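Below is one structure, written out as structure tokens; comments come after it.
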Amino acid sequence: MSELTLVEAIRQALGRAMTDDPTVLILGEDVGIDGGVFRATEGLYQHFGGDRVRDTPLSELLISGMAVGLAAQGFRPVAEIQFLGFSYPTLDQLANHASRIRTRTRGRLTCPMVLRIPFGGLIHAPEHHSESAEALLAHIPGLRVVIPSSPAKAYGLLLAAIADPDPVVFLEPKRLYRATREAVADDGSPLALDRAFIERPGADLTLVTWGAMVRDALNAAEHLAAEGCAAEVIDLATLKPPDMATVLASVERTGRCLIVHEAPRTGGFGAEIAARLADQAIFALKAPVRRVTGYDTVMPLPRLERHYVPSPGRIVRAARDLMAFQ
Amino acid sequence: MTTPRTTFALPDLGEGLGEAEIVDWHVAVGDRIVADQPLLSVETDKAVVEIPAPHGGRIAALNGAVGDIVRVGDVLVEFAEADAAPPDRGAVVGELPQAPPAPPAATPPSAAKPSSAPAIKALPAARRLAAERGVDLRALGGTGPGGAITTADVEAAAGGRAAPGPGFEPLRGVRRAMAQAMTRSRDAVLPATVTDEADIDDWARETPVTPRLIRAVVAGVRAEPALNAWYDGASQSRRLNPKVDLGLAVDTADGLIVPVLRDVGGLDLAALDAAVAELSGQARARTIPPAALRGATVTLSNFGMIAGRHAMLAVIPPQVAILGVGRVEPRIVARAGVAVARRLVPLSLSFDHRAVSGGEAGRFVAAVIADLQSKS
Amino acid sequence: MRTTVRFPITLTSYLDAEGKAPGELPEFARGPAALVPLYRAMVLTRTFDEKAIALQRTGRLGTYASALGQEAVGVGAASAMTERDVLLPSFREQAAMLWRGVTLVELLQYWGGDERGSDFRGPRQDFPVSIPVASHFPHAAGVATAFKLRREPRVAVAIAGDGATSKGDFYEALNLVGVWHLPAVFVINNNQWAISLPRREQTEAQTLAQKAIAAGLPGEQVDGADVIAVRDATRRALERARAGEGGTLIECLTYRLADHTTADDASRYRDDDEVSRHWHGEPVARLRAYLGRQGAWSKAEEEALITDCRDRVDAAVEAYLALPPELPEAMFDTLYATLPADLGDQRAALAAEVELGDV
């Protein structure tokens, strides 16, 4: 079994899905001959041919729209948008069509498509290449939003997303693309969607996060353990619909919750979790529910971006504040 | 443009035809139409003919149903008045709700009274715990950030009790208070008891006992102020209280409560009698405020009203003494070498031996007995 | 300097405004019997249209977009398609949808606000009405890609209005149809008005058909009030597509004789005289005149058709009004293939609200 980076795990998943299911197609800009600007589709064009791995012209709207058409005809298109910052033209097709064609035809037409989009910052990229706007997508009814945090998760969740009969936006934390390696067997096993994962158990504080922040949260948990605080780290993985059962059970045990996300604060997905905790975990709370997030500013350029993205230190300090509520 | 007429009649269709059958209407009431727009189709002998509107306008009425025979000159369509156009609905899809006419200006509501009590800063888990354990949040100070009451604060106030087992009901209210007080007593006090009796046979009939007992306690305190002190074991320090705030043990349906009569040294027997009566009434009615249950400097327990002669009572810190009074009854005693029946009051003084010596206790009791044995 | 490429744009018409055919008709139209079904279909569409407007006015239908004057576009284009082709309509293509087998009741359900109206019993793969302008052109590109991948001789036909040709969706999809040689036909119902914007203010391009040239595709204009011309142009485009020669853009010149929708009042922005002028030569009368002149359509047949259309529409209205409404919980039941557990509570909460009867 080889050790794979996250982006290699994605490629492995795509290859597996394409092999096992002839209706799976890949489309997007530079996904074919070039193997994708992040090499997520490396070698797939050469292996499966240009019918199934298609380089499209430059138009995000078209890519997402034609995926709707292909999906309605029984294919499973996996379309790539190169950066979340360029994906806003797809919102029309996602919100007005992909997410609702099943319900508006009462099941006659469906949309089993996946839109893969790298997102997030800290890769020293030029403007618009570092966005985190998962909350915009999670707000759309009828859509799933899934975010892996490791190579193994990327493999399993992407397979599940491709196999799912409904549209999934698969957001890939690009700063993790090559950051770690782990053994990922190419066994075709999907991970469950709509399920959160407890990455580290703990009795004192619940840390809820996703994507690249999972690593930082685990890092913070290590520091906190040395201070006598056992933090439980939960990787939400599927933002929409969220596995609140896991989160609630954890907060019932710990009584404290800190939600961490890179995306801006106001209207971020952390607000949704906080609202649900206020509703369903109110009696368990020993401390306020707090969020450690990006600021409500435009994502800064590389010189300042490390101040924007929550660091393990910021997480630790926020956790200490919650632990002060004994 | 010709002046719009308000009606349109079936025109001469030519070829000597005087009438036609309506086959279909192409417009409906309310439609706004233009000149040349087909209004209806009629069937003549020769053909089915569409009849166009001679001018534009809004259809107010259509005369004739499908299948009716209409004659040339019969009014088919009535147009609305030129200015009868419905108001602009202001939307290209759907229907916007229209604002109703503005109501008469309402008097603005008076500013809401600010809530009187500031909110208690307690976290939800703390609140739930306090409710479960019967802890009064208002009496707690919070040690959490910003003075918030935490679950730890509630636990401490609850005495760190464990959760009750199956079938066990946690104590509440008065019973709970007694359990807490007695636990504190056992944990802190070194109790000792001296017993004796007072001969009250010479009292006038119907003398109320409790006021005489209270006066006797005051006499005892005057003789030995040490018995009216508060003792703090942690600092091994003592406070001699100048006034006697007497805790009077009262048995109620809910259990034992000990309301406090303030400064009984300043009250005569009549005033004491009235105060005791009032207090007893309040106790039974459960109208005694929490403040009246705190701050006793010495306690009197007339348990003899129920049963019992002598007893070793619990001293409730920070107090150092409690005088217990048993059942008043005639007994045979020796007087001048002769056996006589006299009404006796059994007395038991329990005291905290950390703060009170045997001698002090004895002298207190002697003073109590001397006061009780005086005729009035 | 030399000219690199030149592109002609042609305009085709067979029946003039009076319904006369000065030139030779395309083969399919030479026997008038072939045209009668087209005439019937246009009359049915118009009858439905008139009824829909009346229903809206009496509160029994929601906002409705009339196709008055444009019946030949839908009938002409749809009648050239085969059952296995796929139609992607905009919101004004009742004529095409009815021809394709969408029922009158389904149309009433759709415009009446009931999603079941898009669950077509007939053309199972046709797309539902696309309200966002032009957003179905990329869908058509995807559908055509599916056909090409599976090597099926099927074509995706998308119909939209003149306003749609200003949108990015249109250009991007057209571009893909061109560069991937997709079997797609884009039919533009140029009825001269995009709500209140007249065609001349929509684009500087002299024709909408020439926008195809930018995508490397053939584009042509046809007289949109001439069902023969529309049918013929569509037929040729479909043949091209099936032969692997790629897509085509057909611009049908028509006129929007009614308001944009029942909530619009066109007198605010356009002249009644212009509208009146366009009643002259409108598609239904035009074909009726031709058929009558050919002796292929009698008074009795006209009367019978009017009655038949009216009866069918009335029956459909009755059936539509009698339909039991869906349970409100239906808004959850086909949202996903399987409702996520997270939404189960919400569905139950709605059911409880409905039970209370307090909406």
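Starting from 1 in every chain, residues are counted up; chains themselves are A, B, ... following the order of the structure tokens, and ligands are numbered from 1 as listed.
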
For C:Val313, work out the shell of residues within 12 Å, counting only C-alpha atoms and skipping chain neighbours fewer than 2 positions away, then give it as a ChimeraX atom specification. /C:43-52,55,98,103-108,305-311,315-320

Shell around C:Leu15 at 9 Å using only C-alpha atoms, local window under 4 positions removed, as number ranges by chain: C: 19-23, 25, 223, 225-229, 286-287, 290

Shell of 8 Å around A:Ser64, only C-alpha atoms, local chain residues under 6 positions omitted, as a ChimeraX atom specification: /A:79,90,93-94,115

Emit the selected residues as a PDB file, in the first residue's frame, including C-alpha atoms.
ATOM      1  CA  ALA A  79     -16.251  18.618 -12.634  1.00  0.00           C
ATOM      2  CA  THR A  90     -21.261  28.259 -10.678  1.00  0.00           C
ATOM      3  CA  GLN A  93     -26.162  26.494 -11.714  1.00  0.00           C
ATOM      4  CA  LEU A  94     -25.767  25.016  -8.235  1.00  0.00           C
ATOM      5  CA  LEU A 115     -18.021  19.700  -8.191  1.00  0.00           C
TER       6      LEU A 115
END

Surrounding residues of A:Pro167 excluding itself and chain neighbours under 3 positions, 6 Å, only C-alpha atoms, as a list of chain:residue names: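 Returned residues: A:Cys111, A:Pro112, A:Met113, A:Val114, A:Leu143.
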
DSSP strand (DSSP E) residues within stretch 22-253 of chain B, as a VMD selection string: chain B and resid 22 to 25 32 to 33 38 to 43 48 to 52 57 to 62 69 to 71 75 to 79 191 to 199 229 to 232 237 to 240 246 to 248 250 to 252

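The space between atom CA of B:Thr143 and atom CA of B:Gln236 spans 26.5 Å.
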
Select all residues from chain A having any atom no more than 12 Å from an atom of chain B (counting only C-alpha atoms, ignoring ligands), output as number ranges by chain. A: 251-256, 277-289, 320-326

Export N, CA and C atoms of the chosen residues as a tab-separated table (two decimals), in the first residue's frame?
chain	number	residue	atom	x	y	z
A	251	VAL	N	-20.46	17.47	23.23
A	251	VAL	CA	-20.64	18.65	24.08
A	251	VAL	C	-21.39	18.29	25.36
A	252	GLU	N	-22.27	17.29	25.28
A	252	GLU	CA	-22.92	16.81	26.51
A	252	GLU	C	-21.88	16.31	27.50
A	253	ARG	N	-20.83	15.69	26.97
A	253	ARG	CA	-19.79	15.17	27.85
A	253	ARG	C	-18.87	16.27	28.35
A	254	THR	N	-18.45	17.16	27.44
A	254	THR	CA	-17.42	18.12	27.84
A	254	THR	C	-18.00	19.42	28.39
A	255	GLY	N	-19.17	19.83	27.90
A	255	GLY	CA	-19.77	21.07	28.37
A	255	GLY	C	-19.15	22.32	27.77
A	256	ARG	N	-18.15	22.17	26.90
A	256	ARG	CA	-17.52	23.35	26.31
A	256	ARG	C	-17.28	23.10	24.84
A	277	LEU	N	-26.19	24.28	18.90
A	277	LEU	CA	-25.81	23.95	20.28
A	277	LEU	C	-26.66	24.75	21.26
A	278	ALA	N	-26.89	26.02	20.94
A	278	ALA	CA	-27.73	26.84	21.82
A	278	ALA	C	-29.12	26.24	21.91
A	279	ASP	N	-29.56	25.62	20.85
A	279	ASP	CA	-30.88	25.01	20.82
A	279	ASP	C	-30.90	23.69	21.58
A	280	GLN	N	-29.95	22.82	21.28
A	280	GLN	CA	-30.07	21.45	21.75
A	280	GLN	C	-29.11	21.04	22.86
A	281	ALA	N	-28.12	21.85	23.17
A	281	ALA	CA	-27.15	21.46	24.20
A	281	ALA	C	-27.11	22.47	25.33
A	282	ILE	N	-28.12	23.30	25.44
A	282	ILE	CA	-28.05	24.44	26.35
A	282	ILE	C	-27.78	24.02	27.80
A	283	PHE	N	-28.37	22.93	28.23
A	283	PHE	CA	-28.20	22.57	29.64
A	283	PHE	C	-26.83	21.97	29.93
A	284	ALA	N	-26.17	21.54	28.88
A	284	ALA	CA	-24.86	20.94	29.10
A	284	ALA	C	-23.75	21.97	29.15
A	285	LEU	N	-24.06	23.20	28.69
A	285	LEU	CA	-22.99	24.16	28.51
A	285	LEU	C	-22.48	24.73	29.83
A	286	LYS	N	-21.18	24.54	30.05
A	286	LYS	CA	-20.54	25.14	31.22
A	286	LYS	C	-19.90	26.46	30.85
A	287	ALA	N	-19.72	26.67	29.56
A	287	ALA	CA	-19.03	27.87	29.08
A	287	ALA	C	-19.72	28.33	27.80
A	288	PRO	N	-19.50	29.57	27.40
A	288	PRO	CA	-20.10	30.03	26.14
A	288	PRO	C	-19.56	29.22	24.97
A	289	VAL	N	-20.35	29.14	23.90
A	289	VAL	CA	-19.87	28.53	22.68
A	289	VAL	C	-19.11	29.60	21.91
A	320	ARG	N	-8.23	28.03	26.37
A	320	ARG	CA	-7.95	28.36	27.79
A	320	ARG	C	-9.06	29.24	28.36
A	321	ASP	N	-9.51	30.19	27.56
A	321	ASP	CA	-10.60	31.05	28.03
A	321	ASP	C	-11.82	30.22	28.40
A	322	LEU	N	-12.10	29.20	27.61
A	322	LEU	CA	-13.26	28.37	27.92
A	322	LEU	C	-13.01	27.49	29.13
A	323	MET	N	-11.78	27.04	29.28
A	323	MET	CA	-11.46	26.21	30.44
A	323	MET	C	-11.54	27.01	31.73
A	324	ALA	N	-11.42	28.31	31.67
A	324	ALA	CA	-11.54	29.14	32.88
A	324	ALA	C	-12.94	29.03	33.47
A	325	PHE	N	-13.88	28.59	32.67
A	325	PHE	CA	-15.23	28.36	33.19
A	325	PHE	C	-15.27	26.95	33.75
A	326	GLN	N	-15.03	26.85	35.03
A	326	GLN	CA	-15.04	25.52	35.62
A	326	GLN	C	-16.42	25.14	36.13
